[in-house]
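Structure, as structure tokens:
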Amino acid sequence: MLNVLTVPAFQDNYLWLIHDDKHAAVVDPGDAAPILAALEEHRLSLAAILLTHHHADHVGGVPDLLRRYRVPVFGPRNEAIPQVTHAVSEGDAIRLDTPNLKLEVLDVPGHTRGHIAYFASEQGWLFCGDTLFAGGCGRLFEGTPEQMIASLAKLAVLPDKTQIFCAHEYTLANLRFAREVEPENLAINTRLQLEQAKRDQGQPTVPSTIGLEKSTNPFLRYREPGIADRLLATGHLSDREPIAVFAALRQWKNSYR
Ligand SMILES: [Zn+2]
């Protein structure tokens, strides 16, 4: 029986520990200290490191963890992360014995050029780094809107109940933007209230689910005619073509506050 521990780090990052009460695999350890503390607190031994992309807040803790634990490091084949021992890309399956975990690798470029996601189909868990967020998506630092559209489309076809373990607590700001973009979508308001209540109690809003994202996340809903209407009406768009709509949405979000 596997569980996932949420380990907050920095301002708004979540690092994830997948564990069986003895052994753990960590996803995107940007900082080693909170991971080492969580391992000690829960009496877990680190067995593997899984990386989604090369940004420092996702890989920064790897050297310190390796000093303490000699474990395999899985990471994107198309990014140069020096500590990676097992470079993986779409079509690869990862099988860990301890904890007993099977993961499928998906290529989800856009935020970075080689970004990957890990999908545990048995558990219905998706670890997607900075690609899909609760209510939003990652910024396009290295990829194109077309790439991000294709990456999000891969994630959107996973089962609705799939839990999304993304790497940041950006949910409230994302949903405020979603409400601006789709003021008539009542699901967004309902969700905003629920997520606000969680934050008021100091709880994470992550994991989300694919089903919830499909009903409230504008970056999965950019083909809704109302979104193009809104972008046109607010001067953010001149052309209803879907890639242009997605690009305009991402652009608007970058400057929205
Ligand atoms: Zn990133």
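By order in the structure tokens, chains are A, B, ...; within a chain, residues start at 1; ligands start at 1, following the order shown.
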
Original post:
Using only C-alpha atoms and all ligand atoms, which protein or nucleic acid residues are at most 10 Å from ligand 1, as a list in words?
Top reply: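 If we count only C-alpha atoms and all ligand atoms, the neighbours of ligand 1 turn out to be Thr52, His53, His54, His55, Ala56, Asp57, His58, Val59, His111, Thr112, His115, Gly129, Asp130, Thr131, Gly138, Arg139, Leu140, Phe141, Ala167 and His168 of chain A.
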
For N, CA and C atoms, I'd like the residues from the last selection saved as a PDB file, in the first residue's frame.
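Done, and the output landed in again.pdb:
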```
ATOM      1  N   THR A  52      11.370  15.903 -12.915  1.00  0.00           N
ATOM      2  CA  THR A  52      10.532  16.222 -14.085  1.00  0.00           C
ATOM      3  C   THR A  52      11.215  17.182 -15.058  1.00  0.00           C
ATOM      4  N   HIS A  53      12.047  18.100 -14.534  1.00  0.00           N
ATOM      5  CA  HIS A  53      12.751  19.043 -15.406  1.00  0.00           C
ATOM      6  C   HIS A  53      13.900  19.685 -14.635  1.00  0.00           C
ATOM      7  N   HIS A  54      14.701  20.477 -15.321  1.00  0.00           N
ATOM      8  CA  HIS A  54      16.002  20.865 -14.797  1.00  0.00           C
ATOM      9  C   HIS A  54      16.008  22.087 -13.882  1.00  0.00           C
ATOM     10  N   HIS A  55      14.875  22.753 -13.663  1.00  0.00           N
ATOM     11  CA  HIS A  55      14.895  23.981 -12.865  1.00  0.00           C
ATOM     12  C   HIS A  55      15.383  23.716 -11.430  1.00  0.00           C
ATOM     13  N   ALA A  56      16.090  24.726 -10.898  1.00  0.00           N
ATOM     14  CA  ALA A  56      16.764  24.564  -9.603  1.00  0.00           C
ATOM     15  C   ALA A  56      15.795  24.211  -8.482  1.00  0.00           C
ATOM     16  N   ASP A  57      14.573  24.757  -8.526  1.00  0.00           N
ATOM     17  CA  ASP A  57      13.642  24.463  -7.439  1.00  0.00           C
ATOM     18  C   ASP A  57      13.067  23.041  -7.553  1.00  0.00           C
ATOM     19  N   HIS A  58      13.531  22.283  -8.545  1.00  0.00           N
ATOM     20  CA  HIS A  58      13.119  20.880  -8.693  1.00  0.00           C
ATOM     21  C   HIS A  58      14.278  19.907  -8.515  1.00  0.00           C
ATOM     22  N   VAL A  59      15.506  20.396  -8.715  1.00  0.00           N
ATOM     23  CA  VAL A  59      16.665  19.490  -8.660  1.00  0.00           C
ATOM     24  C   VAL A  59      17.710  19.902  -7.617  1.00  0.00           C
ATOM     25  N   HIS A 111       6.998  23.990 -20.754  1.00  0.00           N
ATOM     26  CA  HIS A 111       7.620  24.776 -19.676  1.00  0.00           C
ATOM     27  C   HIS A 111       9.138  24.734 -19.862  1.00  0.00           C
ATOM     28  N   THR A 112       9.668  23.527 -20.044  1.00  0.00           N
ATOM     29  CA  THR A 112      11.053  23.364 -20.503  1.00  0.00           C
ATOM     30  C   THR A 112      11.031  22.423 -21.703  1.00  0.00           C
ATOM     31  N   HIS A 115      10.777  18.515 -20.522  1.00  0.00           N
ATOM     32  CA  HIS A 115       9.953  18.219 -19.343  1.00  0.00           C
ATOM     33  C   HIS A 115       9.221  16.874 -19.502  1.00  0.00           C
ATOM     34  N   GLY A 129       5.154  18.018 -12.387  1.00  0.00           N
ATOM     35  CA  GLY A 129       6.076  19.145 -12.261  1.00  0.00           C
ATOM     36  C   GLY A 129       5.401  20.478 -12.511  1.00  0.00           C
ATOM     37  N   ASP A 130       5.933  21.236 -13.466  1.00  0.00           N
ATOM     38  CA  ASP A 130       5.401  22.565 -13.778  1.00  0.00           C
ATOM     39  C   ASP A 130       4.672  22.576 -15.120  1.00  0.00           C
ATOM     40  N   THR A 131       4.008  21.486 -15.473  1.00  0.00           N
ATOM     41  CA  THR A 131       3.268  21.463 -16.740  1.00  0.00           C
ATOM     42  C   THR A 131       1.812  21.850 -16.504  1.00  0.00           C
ATOM     43  N   GLY A 138       2.112  25.744 -16.576  1.00  0.00           N
ATOM     44  CA  GLY A 138       3.421  26.365 -16.423  1.00  0.00           C
ATOM     45  C   GLY A 138       3.668  27.425 -17.484  1.00  0.00           C
ATOM     46  N   ARG A 139       4.565  28.331 -17.155  1.00  0.00           N
ATOM     47  CA  ARG A 139       4.980  29.330 -18.151  1.00  0.00           C
ATOM     48  C   ARG A 139       5.777  28.649 -19.252  1.00  0.00           C
ATOM     49  N   LEU A 140       5.747  29.276 -20.423  1.00  0.00           N
ATOM     50  CA  LEU A 140       6.474  28.710 -21.570  1.00  0.00           C
ATOM     51  C   LEU A 140       7.884  29.289 -21.604  1.00  0.00           C
ATOM     52  N   PHE A 141       8.794  28.705 -20.849  1.00  0.00           N
ATOM     53  CA  PHE A 141      10.165  29.217 -20.827  1.00  0.00           C
ATOM     54  C   PHE A 141      10.963  28.750 -22.036  1.00  0.00           C
ATOM     55  N   ALA A 167       3.693  20.854  -8.816  1.00  0.00           N
ATOM     56  CA  ALA A 167       4.832  21.226  -7.970  1.00  0.00           C
ATOM     57  C   ALA A 167       4.673  22.569  -7.259  1.00  0.00           C
ATOM     58  N   HIS A 168       3.562  23.265  -7.462  1.00  0.00           N
ATOM     59  CA  HIS A 168       3.420  24.577  -6.814  1.00  0.00           C
ATOM     60  C   HIS A 168       2.000  24.793  -6.296  1.00  0.00           C
TER      61      HIS A 168
END
```

**OP:** With a distance cut-off of 12 Å and only C-alpha atoms, select the neighbouring residues of Leu50 (chain A), excluding the residue or stretch itself and same-chain residues fewer than 2 positions from it, and output the selection as a PyMOL selection string.
**Re:** chain A and resi 15-18+24-30+46-48+52-54+58-59+61-62+71-76+81+83-88+94+96+103-105+116-119+127-129

Original post:
Just asking: which residues within region 2-248 of chain A are strand (DSSP E or B) according to DSSP, as a count of residues only?
Top reply: 64

Original post:
as a PyMOL selection string, which residues of region 7-241 of chain A does DSSP assign to alpha helix (DSSP H)?
Top reply: chain A and resi 32-41+56-59+62-68+145-156+171-181+186-200+210-216+225-233

Who sits within 9 Å of Leu175 (chain A), only C-alpha atoms, same chain under 2 positions skipped, as a PDB file with all heavy atoms, in the first residue's frame:
```pdb
ATOM      1  N   ALA A 134      -2.988  23.172 -10.729  1.00  0.00           N
ATOM      2  CA  ALA A 134      -4.375  23.308 -10.331  1.00  0.00           C
ATOM      3  C   ALA A 134      -4.861  24.678 -10.806  1.00  0.00           C
ATOM      4  O   ALA A 134      -4.372  25.704 -10.345  1.00  0.00           O
ATOM      5  CB  ALA A 134      -4.507  23.173  -8.824  1.00  0.00           C
ATOM      6  N   GLY A 135      -5.753  24.668 -11.777  1.00  0.00           N
ATOM      7  CA  GLY A 135      -6.306  25.909 -12.315  1.00  0.00           C
ATOM      8  C   GLY A 135      -5.441  26.603 -13.349  1.00  0.00           C
ATOM      9  O   GLY A 135      -5.815  27.656 -13.861  1.00  0.00           O
ATOM     10  N   GLY A 136      -4.283  26.056 -13.681  1.00  0.00           N
ATOM     11  CA  GLY A 136      -3.407  26.754 -14.624  1.00  0.00           C
ATOM     12  C   GLY A 136      -2.415  25.822 -15.291  1.00  0.00           C
ATOM     13  O   GLY A 136      -2.554  24.600 -15.253  1.00  0.00           O
ATOM     14  N   TYR A 170      -0.216  27.344  -6.596  1.00  0.00           N
ATOM     15  CA  TYR A 170      -0.567  28.561  -7.338  1.00  0.00           C
ATOM     16  C   TYR A 170      -2.086  28.653  -7.518  1.00  0.00           C
ATOM     17  O   TYR A 170      -2.580  29.475  -8.288  1.00  0.00           O
ATOM     18  CB  TYR A 170       0.040  28.516  -8.753  1.00  0.00           C
ATOM     19  CG  TYR A 170       1.540  28.668  -8.865  1.00  0.00           C
ATOM     20  CD1 TYR A 170       2.194  28.231 -10.020  1.00  0.00           C
ATOM     21  CD2 TYR A 170       2.292  29.282  -7.868  1.00  0.00           C
ATOM     22  CE1 TYR A 170       3.570  28.380 -10.167  1.00  0.00           C
ATOM     23  CE2 TYR A 170       3.667  29.418  -8.014  1.00  0.00           C
ATOM     24  CZ  TYR A 170       4.299  28.976  -9.166  1.00  0.00           C
ATOM     25  OH  TYR A 170       5.655  29.123  -9.323  1.00  0.00           O
ATOM     26  N   THR A 171      -2.824  27.783  -6.840  1.00  0.00           N
ATOM     27  CA  THR A 171      -4.211  27.531  -7.211  1.00  0.00           C
ATOM     28  C   THR A 171      -5.112  28.764  -7.126  1.00  0.00           C
ATOM     29  O   THR A 171      -5.885  29.030  -8.047  1.00  0.00           O
ATOM     30  CB  THR A 171      -4.775  26.401  -6.337  1.00  0.00           C
ATOM     31  OG1 THR A 171      -3.826  25.329  -6.334  1.00  0.00           O
ATOM     32  CG2 THR A 171      -6.109  25.922  -6.860  1.00  0.00           C
ATOM     33  N   LEU A 172      -5.027  29.521  -6.030  1.00  0.00           N
ATOM     34  CA  LEU A 172      -5.968  30.643  -5.873  1.00  0.00           C
ATOM     35  C   LEU A 172      -5.739  31.701  -6.956  1.00  0.00           C
ATOM     36  O   LEU A 172      -6.692  32.182  -7.576  1.00  0.00           O
ATOM     37  CB  LEU A 172      -5.849  31.268  -4.470  1.00  0.00           C
ATOM     38  CG  LEU A 172      -6.279  30.363  -3.309  1.00  0.00           C
ATOM     39  CD1 LEU A 172      -6.166  31.127  -1.986  1.00  0.00           C
ATOM     40  CD2 LEU A 172      -7.693  29.831  -3.498  1.00  0.00           C
ATOM     41  N   ALA A 173      -4.477  32.049  -7.192  1.00  0.00           N
ATOM     42  CA  ALA A 173      -4.186  33.033  -8.241  1.00  0.00           C
ATOM     43  C   ALA A 173      -4.630  32.495  -9.602  1.00  0.00           C
ATOM     44  O   ALA A 173      -5.188  33.232 -10.425  1.00  0.00           O
ATOM     45  CB  ALA A 173      -2.698  33.359  -8.260  1.00  0.00           C
ATOM     46  N   PHE A 177      -7.693  34.132 -12.082  1.00  0.00           N
ATOM     47  CA  PHE A 177      -7.527  34.393 -13.519  1.00  0.00           C
ATOM     48  C   PHE A 177      -8.578  33.613 -14.315  1.00  0.00           C
ATOM     49  O   PHE A 177      -9.187  34.163 -15.249  1.00  0.00           O
ATOM     50  CB  PHE A 177      -6.122  34.005 -13.972  1.00  0.00           C
ATOM     51  CG  PHE A 177      -5.899  34.160 -15.445  1.00  0.00           C
ATOM     52  CD1 PHE A 177      -5.823  35.420 -16.030  1.00  0.00           C
ATOM     53  CD2 PHE A 177      -5.779  33.039 -16.265  1.00  0.00           C
ATOM     54  CE1 PHE A 177      -5.630  35.564 -17.407  1.00  0.00           C
ATOM     55  CE2 PHE A 177      -5.585  33.172 -17.638  1.00  0.00           C
ATOM     56  CZ  PHE A 177      -5.512  34.435 -18.204  1.00  0.00           C
ATOM     57  N   ALA A 178      -8.815  32.360 -13.940  1.00  0.00           N
ATOM     58  CA  ALA A 178      -9.818  31.545 -14.635  1.00  0.00           C
ATOM     59  C   ALA A 178     -11.193  32.214 -14.596  1.00  0.00           C
ATOM     60  O   ALA A 178     -11.925  32.231 -15.590  1.00  0.00           O
ATOM     61  CB  ALA A 178      -9.887  30.153 -14.004  1.00  0.00           C
ATOM     62  N   ARG A 179     -11.525  32.805 -13.449  1.00  0.00           N
ATOM     63  CA  ARG A 179     -12.820  33.492 -13.293  1.00  0.00           C
ATOM     64  C   ARG A 179     -12.879  34.729 -14.191  1.00  0.00           C
ATOM     65  O   ARG A 179     -13.920  35.049 -14.761  1.00  0.00           O
ATOM     66  CB  ARG A 179     -13.002  33.871 -11.823  1.00  0.00           C
ATOM     67  CG  ARG A 179     -14.347  34.485 -11.494  1.00  0.00           C
ATOM     68  CD  ARG A 179     -14.474  34.744 -10.010  1.00  0.00           C
ATOM     69  NE  ARG A 179     -13.388  35.587  -9.511  1.00  0.00           N
ATOM     70  CZ  ARG A 179     -13.202  35.886  -8.228  1.00  0.00           C
ATOM     71  NH1 ARG A 179     -14.019  35.399  -7.302  1.00  0.00           N
ATOM     72  NH2 ARG A 179     -12.206  36.662  -7.852  1.00  0.00           N
ATOM     73  N   GLU A 180     -11.748  35.413 -14.308  1.00  0.00           N
ATOM     74  CA  GLU A 180     -11.682  36.585 -15.200  1.00  0.00           C
ATOM     75  C   GLU A 180     -11.938  36.172 -16.658  1.00  0.00           C
ATOM     76  O   GLU A 180     -12.601  36.867 -17.414  1.00  0.00           O
ATOM     77  CB  GLU A 180     -10.286  37.217 -15.079  1.00  0.00           C
ATOM     78  CG  GLU A 180     -10.021  38.388 -15.996  1.00  0.00           C
ATOM     79  CD  GLU A 180     -10.626  39.678 -15.459  1.00  0.00           C
ATOM     80  OE1 GLU A 180     -10.518  39.919 -14.254  1.00  0.00           O
ATOM     81  OE2 GLU A 180     -11.216  40.430 -16.270  1.00  0.00           O
ATOM     82  N   ILE A 188     -16.033  27.409 -11.608  1.00  0.00           N
ATOM     83  CA  ILE A 188     -14.813  28.089 -11.169  1.00  0.00           C
ATOM     84  C   ILE A 188     -15.048  28.797  -9.829  1.00  0.00           C
ATOM     85  O   ILE A 188     -14.244  28.694  -8.908  1.00  0.00           O
ATOM     86  CB  ILE A 188     -14.324  29.092 -12.238  1.00  0.00           C
ATOM     87  CG1 ILE A 188     -13.885  28.331 -13.492  1.00  0.00           C
ATOM     88  CG2 ILE A 188     -13.176  29.945 -11.704  1.00  0.00           C
ATOM     89  CD1 ILE A 188     -13.569  29.215 -14.686  1.00  0.00           C
ATOM     90  N   ASN A 189     -16.187  29.493  -9.721  1.00  0.00           N
ATOM     91  CA  ASN A 189     -16.499  30.174  -8.456  1.00  0.00           C
ATOM     92  C   ASN A 189     -16.637  29.197  -7.302  1.00  0.00           C
ATOM     93  O   ASN A 189     -16.128  29.434  -6.208  1.00  0.00           O
ATOM     94  CB  ASN A 189     -17.817  30.945  -8.606  1.00  0.00           C
ATOM     95  CG  ASN A 189     -17.540  32.434  -8.711  1.00  0.00           C
ATOM     96  OD1 ASN A 189     -16.630  32.933  -8.040  1.00  0.00           O
ATOM     97  ND2 ASN A 189     -18.294  33.120  -9.538  1.00  0.00           N
ATOM     98  N   ARG A 191     -15.306  26.272  -7.050  1.00  0.00           N
ATOM     99  CA  ARG A 191     -13.987  25.736  -6.711  1.00  0.00           C
ATOM    100  C   ARG A 191     -13.146  26.766  -5.960  1.00  0.00           C
ATOM    101  O   ARG A 191     -12.457  26.424  -4.999  1.00  0.00           O
ATOM    102  CB  ARG A 191     -13.259  25.297  -7.987  1.00  0.00           C
ATOM    103  CG  ARG A 191     -11.918  24.699  -7.669  1.00  0.00           C
ATOM    104  CD  ARG A 191     -11.190  24.181  -8.884  1.00  0.00           C
ATOM    105  NE  ARG A 191      -9.929  23.582  -8.455  1.00  0.00           N
ATOM    106  CZ  ARG A 191      -8.950  23.234  -9.269  1.00  0.00           C
ATOM    107  NH1 ARG A 191      -9.096  23.407 -10.575  1.00  0.00           N
ATOM    108  NH2 ARG A 191      -7.857  22.687  -8.808  1.00  0.00           N
ATOM    109  N   LEU A 192     -13.228  28.017  -6.404  1.00  0.00           N
ATOM    110  CA  LEU A 192     -12.449  29.071  -5.758  1.00  0.00           C
ATOM    111  C   LEU A 192     -12.798  29.154  -4.273  1.00  0.00           C
ATOM    112  O   LEU A 192     -11.915  29.276  -3.412  1.00  0.00           O
ATOM    113  CB  LEU A 192     -12.700  30.401  -6.473  1.00  0.00           C
ATOM    114  CG  LEU A 192     -11.791  31.587  -6.185  1.00  0.00           C
ATOM    115  CD1 LEU A 192     -10.321  31.221  -6.200  1.00  0.00           C
ATOM    116  CD2 LEU A 192     -12.049  32.697  -7.193  1.00  0.00           C
ATOM    117  N   THR A 216     -12.610  23.510 -14.927  1.00  0.00           N
ATOM    118  CA  THR A 216     -12.281  24.840 -14.372  1.00  0.00           C
ATOM    119  C   THR A 216     -10.982  25.473 -14.877  1.00  0.00           C
ATOM    120  O   THR A 216     -10.735  26.644 -14.609  1.00  0.00           O
ATOM    121  CB  THR A 216     -12.180  24.759 -12.822  1.00  0.00           C
ATOM    122  OG1 THR A 216     -11.219  23.764 -12.463  1.00  0.00           O
ATOM    123  CG2 THR A 216     -13.512  24.420 -12.194  1.00  0.00           C
ATOM    124  N   ASN A 217     -10.149  24.716 -15.559  1.00  0.00           N
ATOM    125  CA  ASN A 217      -8.818  25.231 -15.928  1.00  0.00           C
ATOM    126  C   ASN A 217      -8.850  25.799 -17.354  1.00  0.00           C
ATOM    127  O   ASN A 217      -9.031  25.055 -18.313  1.00  0.00           O
ATOM    128  CB  ASN A 217      -7.804  24.086 -15.825  1.00  0.00           C
ATOM    129  CG  ASN A 217      -6.372  24.537 -16.021  1.00  0.00           C
ATOM    130  OD1 ASN A 217      -6.101  25.481 -16.770  1.00  0.00           O
ATOM    131  ND2 ASN A 217      -5.458  23.865 -15.358  1.00  0.00           N
ATOM    132  N   PRO A 218      -8.649  27.120 -17.497  1.00  0.00           N
ATOM    133  CA  PRO A 218      -8.786  27.710 -18.839  1.00  0.00           C
ATOM    134  C   PRO A 218      -7.788  27.140 -19.852  1.00  0.00           C
ATOM    135  O   PRO A 218      -8.071  27.148 -21.055  1.00  0.00           O
ATOM    136  CB  PRO A 218      -8.528  29.203 -18.601  1.00  0.00           C
ATOM    137  CG  PRO A 218      -7.831  29.296 -17.281  1.00  0.00           C
ATOM    138  CD  PRO A 218      -8.290  28.124 -16.479  1.00  0.00           C
TER     139      PRO A 218
END
```

Subject >> Best match for closeness to Arg67 (chain A) among A:Lys22, A:Ala247, A:Asn3, A:Leu36, counting only C-alpha atoms >> reply: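 Closest candidate: A:Leu36.
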
Original post:
Restricting the calculation to only C-alpha atoms, which member of A:Ile49, A:Leu249, A:Val181, A:Ala37 is positioned closest to Cys137 (chain A)?
Top reply: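 Going through A:Ile49, A:Leu249, A:Val181, A:Ala37 one by one, the smallest distance to Cys137 (chain A) is for A:Leu249.
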
Subject >> Pick from A:Glu195, A:Glu169, A:Glu224, A:Glu122 nearest to Tyr14 (chain A), counting only C-alpha atoms >> reply: A:Glu169

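One distance worth recording is that between CA of Leu5 (chain A) and CA of Leu132 (chain A), which is 19.4 Å.
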
Subject >> Nearby residues (only C-alpha atoms) at most 7 Å from region 226-243 of chain A, same-chain spacing under 4 positions excluded, as a PyMOL selection string >> reply: chain A and resi 145-146+181-182+222+247-248
